[in-house]
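Colleague: My file is entry_29.pdb. It has PDB, C-alpha atoms:
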```
ATOM      1  CA  MET S   1      11.324   3.127  15.886
ATOM      2  CA  PRO S   2       9.033   5.474  13.957
ATOM      3  CA  GLN S   3       6.126   6.908  15.925
ATOM      4  CA  GLN S   4       3.618   5.431  13.469
ATOM      5  CA  ASP S   5       4.968   1.911  14.120
ATOM      6  CA  GLU S   6       4.542   2.456  17.860
ATOM      7  CA  PHE S   7       0.943   3.539  17.234
ATOM      8  CA  ILE S   8       0.230   0.486  15.073
ATOM      9  CA  LEU S   9       1.775  -1.815  17.682
ATOM     10  CA  GLU S  10      -0.464  -0.233  20.308
ATOM     11  CA  ILE S  11      -3.520  -0.873  18.095
ATOM     12  CA  LEU S  12      -2.453  -4.500  17.585
ATOM     13  CA  ARG S  13      -1.869  -4.965  21.315
ATOM     14  CA  ASP S  14      -5.232  -3.403  22.198
ATOM     15  CA  ALA S  15      -6.886  -5.770  19.711
ATOM     16  CA  GLY S  16      -5.279  -8.703  21.514
ATOM     17  CA  LEU S  17      -3.162  -9.803  18.555
ATOM     18  CA  VAL S  18       0.193  -9.288  20.284
ATOM     19  CA  THR S  19       1.427  -9.014  23.851
ATOM     20  CA  ARG S  20       3.933  -6.589  25.329
ATOM     21  CA  ASN S  21       6.320  -9.503  25.727
ATOM     22  CA  GLN S  22       6.060 -10.409  22.016
ATOM     23  CA  ILE S  23       6.634  -6.774  21.056
ATOM     24  CA  GLU S  24       9.705  -6.511  23.292
ATOM     25  CA  LYS S  25      11.163  -9.749  21.864
ATOM     26  CA  ALA S  26      10.539  -8.467  18.336
ATOM     27  CA  LYS S  27      12.189  -5.127  19.169
ATOM     28  CA  ALA S  28      15.251  -6.986  20.429
ATOM     29  CA  GLY S  29      15.343  -9.135  17.274
ATOM     30  CA  ALA S  30      14.640  -6.351  14.773
ATOM     31  CA  ASP S  31      17.506  -4.996  12.709
ATOM     32  CA  ALA S  32      17.918  -1.891  10.586
ATOM     33  CA  GLY S  33      16.369  -3.559   7.546
ATOM     34  CA  HIS S  34      13.297  -4.871   9.351
ATOM     35  CA  GLY S  35      10.958  -3.087  11.678
ATOM     36  CA  VAL S  36       9.233  -4.603  14.670
ATOM     37  CA  ILE S  37       6.043  -5.323  12.729
ATOM     38  CA  ASP S  38       8.047  -7.077   9.988
ATOM     39  CA  THR S  39       9.802  -9.130  12.665
ATOM     40  CA  LEU S  40       6.473 -10.129  14.249
ATOM     41  CA  VAL S  41       5.235 -11.241  10.822
ATOM     42  CA  GLU S  42       8.436 -13.217  10.154
ATOM     43  CA  GLN S  43       8.091 -14.881  13.567
ATOM     44  CA  GLY S  44       4.558 -15.964  12.672
ATOM     45  CA  VAL S  45       2.983 -13.933  15.480
ATOM     46  CA  LEU S  46       0.991 -11.856  12.959
ATOM     47  CA  THR S  47       0.131 -11.913   9.291
ATOM     48  CA  ARG S  48       0.157  -8.878   7.014
ATOM     49  CA  GLU S  49      -3.588  -9.310   6.693
ATOM     50  CA  ASP S  50      -3.956  -9.217  10.512
ATOM     51  CA  VAL S  51      -2.145  -5.891  10.565
ATOM     52  CA  SER S  52      -4.102  -4.404   7.641
ATOM     53  CA  ARG S  53      -7.493  -5.569   8.893
ATOM     54  CA  THR S  54      -6.864  -4.308  12.425
ATOM     55  CA  VAL S  55      -5.552  -0.889  11.383
ATOM     56  CA  ALA S  56      -8.435  -0.562   8.899
ATOM     57  CA  ALA S  57     -11.001  -1.397  11.580
ATOM     58  CA  HIS S  58      -9.360   1.048  13.988
ATOM     59  CA  SER S  59      -9.543   3.739  11.297
ATOM     60  CA  GLY S  60     -13.185   2.968  10.521
ATOM     61  CA  LEU S  61     -12.355   1.727   7.027
ATOM     62  CA  GLU S  62     -13.435  -1.369   5.138
ATOM     63  CA  PHE S  63     -10.852  -4.041   4.356
ATOM     64  CA  VAL S  64     -10.985  -5.480   0.836
ATOM     65  CA  ASP S  65      -9.459  -8.667  -0.509
ATOM     66  CA  LEU S  66      -8.008  -7.564  -3.837
ATOM     67  CA  ALA S  67      -7.115 -11.149  -4.714
ATOM     68  CA  GLN S  68     -10.846 -11.841  -5.009
ATOM     69  CA  ALA S  69     -11.724  -8.561  -6.730
ATOM     70  CA  ASN S  70     -12.529  -8.159 -10.404
ATOM     71  CA  ILE S  71     -12.230  -4.449 -11.066
ATOM     72  CA  ALA S  72     -13.906  -2.912 -14.116
ATOM     73  CA  PRO S  73     -11.618  -1.340 -16.741
ATOM     74  CA  ASP S  74     -13.348   2.057 -16.457
ATOM     75  CA  VAL S  75     -12.615   2.102 -12.707
ATOM     76  CA  ILE S  76      -8.955   1.178 -13.298
ATOM     77  CA  GLY S  77      -8.819   3.904 -15.952
ATOM     78  CA  ALA S  78      -9.856   6.520 -13.394
ATOM     79  CA  VAL S  79      -6.275   6.507 -12.040
ATOM     80  CA  SER S  80      -3.275   6.538 -14.349
ATOM     81  CA  ALA S  81      -0.667   3.818 -13.976
ATOM     82  CA  GLU S  82       1.853   6.466 -12.968
ATOM     83  CA  LEU S  83      -0.296   7.758 -10.092
ATOM     84  CA  ALA S  84      -1.315   4.271  -9.005
ATOM     85  CA  ARG S  85       2.335   3.216  -8.770
ATOM     86  CA  ARG S  86       3.554   6.448  -7.186
ATOM     87  CA  TYR S  87       0.921   6.406  -4.446
ATOM     88  CA  ARG S  88       0.570   2.587  -4.288
ATOM     89  CA  VAL S  89      -3.198   2.603  -4.693
ATOM     90  CA  ILE S  90      -5.707   0.554  -6.663
ATOM     91  CA  PRO S  91      -9.060   2.060  -7.673
ATOM     92  CA  VAL S  92     -11.736  -0.482  -6.758
ATOM     93  CA  GLY S  93     -15.046   1.194  -7.531
ATOM     94  CA  MET S  94     -17.265   4.208  -7.299
ATOM     95  CA  GLY S  95     -18.761   5.091  -3.939
ATOM     96  CA  GLU S  96     -21.431   7.511  -2.827
ATOM     97  CA  ASN S  97     -18.921  10.334  -2.561
ATOM     98  CA  GLY S  98     -16.439   9.516  -5.293
ATOM     99  CA  LEU S  99     -13.744   7.120  -6.422
ATOM    100  CA  VAL S 100     -12.904   4.340  -3.970
ATOM    101  CA  VAL S 101      -9.215   3.409  -3.803
ATOM    102  CA  ALA S 102      -7.481   0.659  -1.862
ATOM    103  CA  ILE S 103      -4.431   1.690   0.131
ATOM    104  CA  SER S 104      -2.287  -0.346   2.495
ATOM    105  CA  ASP S 105      -1.691   2.447   5.012
ATOM    106  CA  PRO S 106      -4.910   4.157   6.124
ATOM    107  CA  LEU S 107      -2.855   6.496   8.291
ATOM    108  CA  ASN S 108      -1.257   8.052   5.195
ATOM    109  CA  PHE S 109      -3.490  11.098   4.842
ATOM    110  CA  GLU S 110      -1.046  12.793   2.458
ATOM    111  CA  THR S 111      -1.815  10.178  -0.206
ATOM    112  CA  LEU S 112      -5.537  10.786   0.093
ATOM    113  CA  ASP S 113      -5.101  14.558  -0.101
ATOM    114  CA  SER S 114      -2.705  14.308  -3.055
ATOM    115  CA  LEU S 115      -5.036  12.004  -5.001
ATOM    116  CA  ARG S 116      -7.990  14.317  -4.430
ATOM    117  CA  LEU S 117      -5.978  17.219  -5.763
ATOM    118  CA  LEU S 118      -4.398  15.384  -8.718
ATOM    119  CA  LEU S 119      -7.605  13.614  -9.791
ATOM    120  CA  ASP S 120      -9.767  16.678  -9.097
ATOM    121  CA  ARG S 121     -12.452  14.522  -7.455
ATOM    122  CA  GLU S 122     -13.469  13.111  -4.123
ATOM    123  CA  VAL S 123     -11.631   9.962  -3.117
ATOM    124  CA  GLU S 124     -12.670   7.410  -0.506
ATOM    125  CA  MET S 125     -10.290   4.865   1.004
ATOM    126  CA  VAL S 126     -10.538   1.187   1.767
ATOM    127  CA  CYS S 127      -7.657  -0.992   2.963
ATOM    128  CA  ALA S 128      -5.814  -3.935   1.466
ATOM    129  CA  THR S 129      -2.491  -5.564   2.191
ATOM    130  CA  ASP S 130       0.609  -4.119   0.583
ATOM    131  CA  GLU S 131       1.241  -7.458  -1.141
ATOM    132  CA  GLN S 132      -2.236  -7.432  -2.709
ATOM    133  CA  ILE S 133      -1.775  -3.857  -3.893
ATOM    134  CA  ARG S 134       1.595  -4.765  -5.424
ATOM    135  CA  ALA S 135       0.059  -7.778  -7.214
ATOM    136  CA  SER S 136      -2.905  -5.692  -8.396
ATOM    137  CA  LEU S 137      -0.628  -2.981  -9.781
ATOM    138  CA  ILE S 138       0.983  -5.639 -11.971
ATOM    139  CA  LYS S 139      -2.354  -7.285 -12.844
ATOM    140  CA  TYR S 140      -4.133  -4.085 -13.881
ATOM    141  CA  TYR S 141      -1.313  -1.764 -14.924
ATOM    142  CA  GLY S 142       1.459  -4.156 -15.991
ATOM    143  CA  SER S 143       4.916  -4.682 -14.543
ATOM    144  CA  ALA S 144       7.465  -1.954 -13.952
ATOM    145  CA  GLU S 145       9.455  -3.420 -16.856
ATOM    146  CA  GLU S 146       6.455  -2.984 -19.172
ATOM    147  CA  ALA S 147       6.057   0.590 -17.928
ATOM    148  CA  SER S 148       9.706   1.406 -18.663
ATOM    149  CA  GLU S 149       9.367  -0.123 -22.161
ATOM    150  CA  GLU S 150       6.291   2.009 -22.817
ATOM    151  CA  LEU S 151       8.106   5.120 -21.607
ATOM    152  CA  ALA S 152      11.073   4.339 -23.845
ATOM    153  CA  SER S 153       8.780   3.913 -26.847
ATOM    154  CA  HIS S 154       7.172   7.288 -26.144
ATOM    155  CA  LEU S 155      10.599   8.880 -25.888
ATOM    156  CA  GLY S 156      11.606   7.240 -29.158
ATOM    157  CA  SER S 157      14.934   5.972 -27.917
ATOM    158  CA  ASP S 158      16.614   2.839 -26.667
ATOM    159  CA  ILE S 159      17.250   3.923 -23.105
ATOM    160  CA  GLU S 160      18.568   1.162 -20.868
ATOM    161  CA  PHE S 161      16.878   1.854 -17.548
ATOM    162  CA  SER S 162      18.962  -0.733 -15.732
ATOM    163  CA  ASP S 163      22.113   1.049 -16.883
ATOM    164  CA  LEU S 164      20.763   4.359 -15.626
ATOM    165  CA  ALA S 165      19.799   2.830 -12.301
ATOM    166  CA  GLU S 166      23.341   1.511 -11.893
ATOM    167  CA  GLY S 167      24.792   4.904 -12.773
ATOM    168  CA  GLU S 168      26.414   3.680 -15.995
ATOM    169  CA  GLY S 169      24.467   5.817 -18.412
TER     170      GLY S 169
END
```
Please re-express this file's structure in structure tokens.

Modeller:
Amino acid sequence: MPQQDEFILEILRDAGLVTRNQIEKAKAGADAGHGVIDTLVEQGVLTREDVSRTVAAHSGLEFVDLAQANIAPDVIGAVSAELARRYRVIPVGMGENGLVVAISDPLNFETLDSLRLLLDREVEMVCATDEQIRASLIKYYGSAEEASEELASHLGSDIEFSDLAEGEG
């Protein structure tokens, strides 16, 4: 199991959301496709929001509910669709020190550093669930299918991305 998962499980246990026994059962039931945290969620022991809120609180970050957010177009425009998708972030507002972005993994410092460099501005983090970030990427930036259609139109060709993905092109 990755070291980060162990750390998150320790945070969840310290917060009283899971017991050692539940973690051990989940480890025994986890397979290669699902980690222990995923197994605990599937078993109904935790929710994704429980995990996000607890890790955010441990990291000293605010948790935001993107499902309830209405983000201004100029804020969304501060991060290109490409960067938002690549780093799985949603800009949510302007803070005292710079652009505020929602991220699902507050322990991913590389994303924060990369965004600061690529956007050439200060970036602050808040947390949201991965599912909410995924839904917000579609809501504010369009689906991946729309993005591939836009790319194809800029290239001026009829590239079939599904064919390329399957290795047929």

Colleague: Kindly resolve the PyMOL selection byres ((chain S and resi 110-115) around 12) on the present coordinates and return the residues as a ChimeraX atom specification.

Modeller: /S:78-80,82-91,98-109,116-126

Colleague: Which residues are close to range 6-23 of chain S, i.e. within 8 Å by all atoms listed in the file, leaving aside same-chain residues fewer than 3 positions away? Reply as a list in words.

Modeller: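 So the residues in contact are Met1, Pro2, Gln3, Ala26, Lys27, Val36, Ile37, Leu40, Val45, Leu46, Val51, Thr54, Val55 and His58 of chain S.
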
Colleague: For this file, the PyMOL selection byres ((chain S and resi 63) around 8) selects which residues, as a ChimeraX atom specification?

Modeller: /S:52-53,56-57,61-62,64-65,126-128

Colleague: What are the centre and edge lengths in Å, to one decimal, of the axis-aligned box around all listed atoms of range 33-44 of chain S with 8 Å added on each side, as AutoDock Vina command-line options?

Modeller:
```
--center_x 10.5 --center_y -9.5 --center_z 11.1 --size_x 27.8 --size_y 28.9 --size_z 23.1
```

Colleague: Pick from S:Ala30, S:Val92, S:Ala72, S:Val41: nearest to Ile133 in chain S, with all atoms listed in the file counted?

Modeller: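 Looking at the shortest contact to Ile133 in chain S, the residue is S:Val92.
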
Colleague: Between CA of Gln4 in chain S and CA of Gln43 in chain S, what is the distance in Å, rounded to a tenth?

Modeller: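 Computing the Euclidean distance for CA of Gln4 in chain S and CA of Gln43 in chain S yields 20.8 Å.
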
Colleague: CA of Val75 in chain S and CA of Lys139 in chain S, how far apart in Å?

Modeller: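 Interatomic distance here is 13.9 Å.
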
Colleague: Measuring between all atoms listed in the file, which one of S:Ala67, S:Asn97, S:Gly60, S:Gly33 shows the shortest distance to Glu131 in chain S?

Modeller: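 Answer, going by the shortest atom-to-atom distance: S:Ala67.
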
Colleague: Between CA of Glu49 in chain S and CA of Asp5 in chain S, what is the distance, to one decimal in Å?

Modeller: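 Value for the CA of Glu49 in chain S-CA of Asp5 in chain S distance: 15.9 Å.
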
Colleague: Any chance you could work out the residue set of the PyMOL selection byres ((chain S and resi 141) around 9) here, as a list in words?

Modeller: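 In the shown coordinates, the PyMOL selection byres ((chain S and resi 141) around 9) covers Ile76, Ser80, Ala81, Ala84, Arg85, Ser136, Leu137, Ile138, Lys139, Tyr140, Gly142, Ser143, Ala144, Glu146 and Ala147 of chain S.
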
Colleague: Rank S:Gly44, S:Gly93, S:Gly29, S:Gly35 by their smallest atom-to-atom distance to Ala69 in chain S, using all atoms listed in the file, and report the top residue only.

Modeller: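 Nearest to Ala69 in chain S: S:Gly93.
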
Colleague: May I ask which of the residues S:Asp74, S:Leu66, S:Asp50, S:Gly95 is the closest one to Ala135 in chain S, counting only C-alpha atoms?

Modeller: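 That would be S:Leu66, the residue with the smallest distance to Ala135 in chain S.
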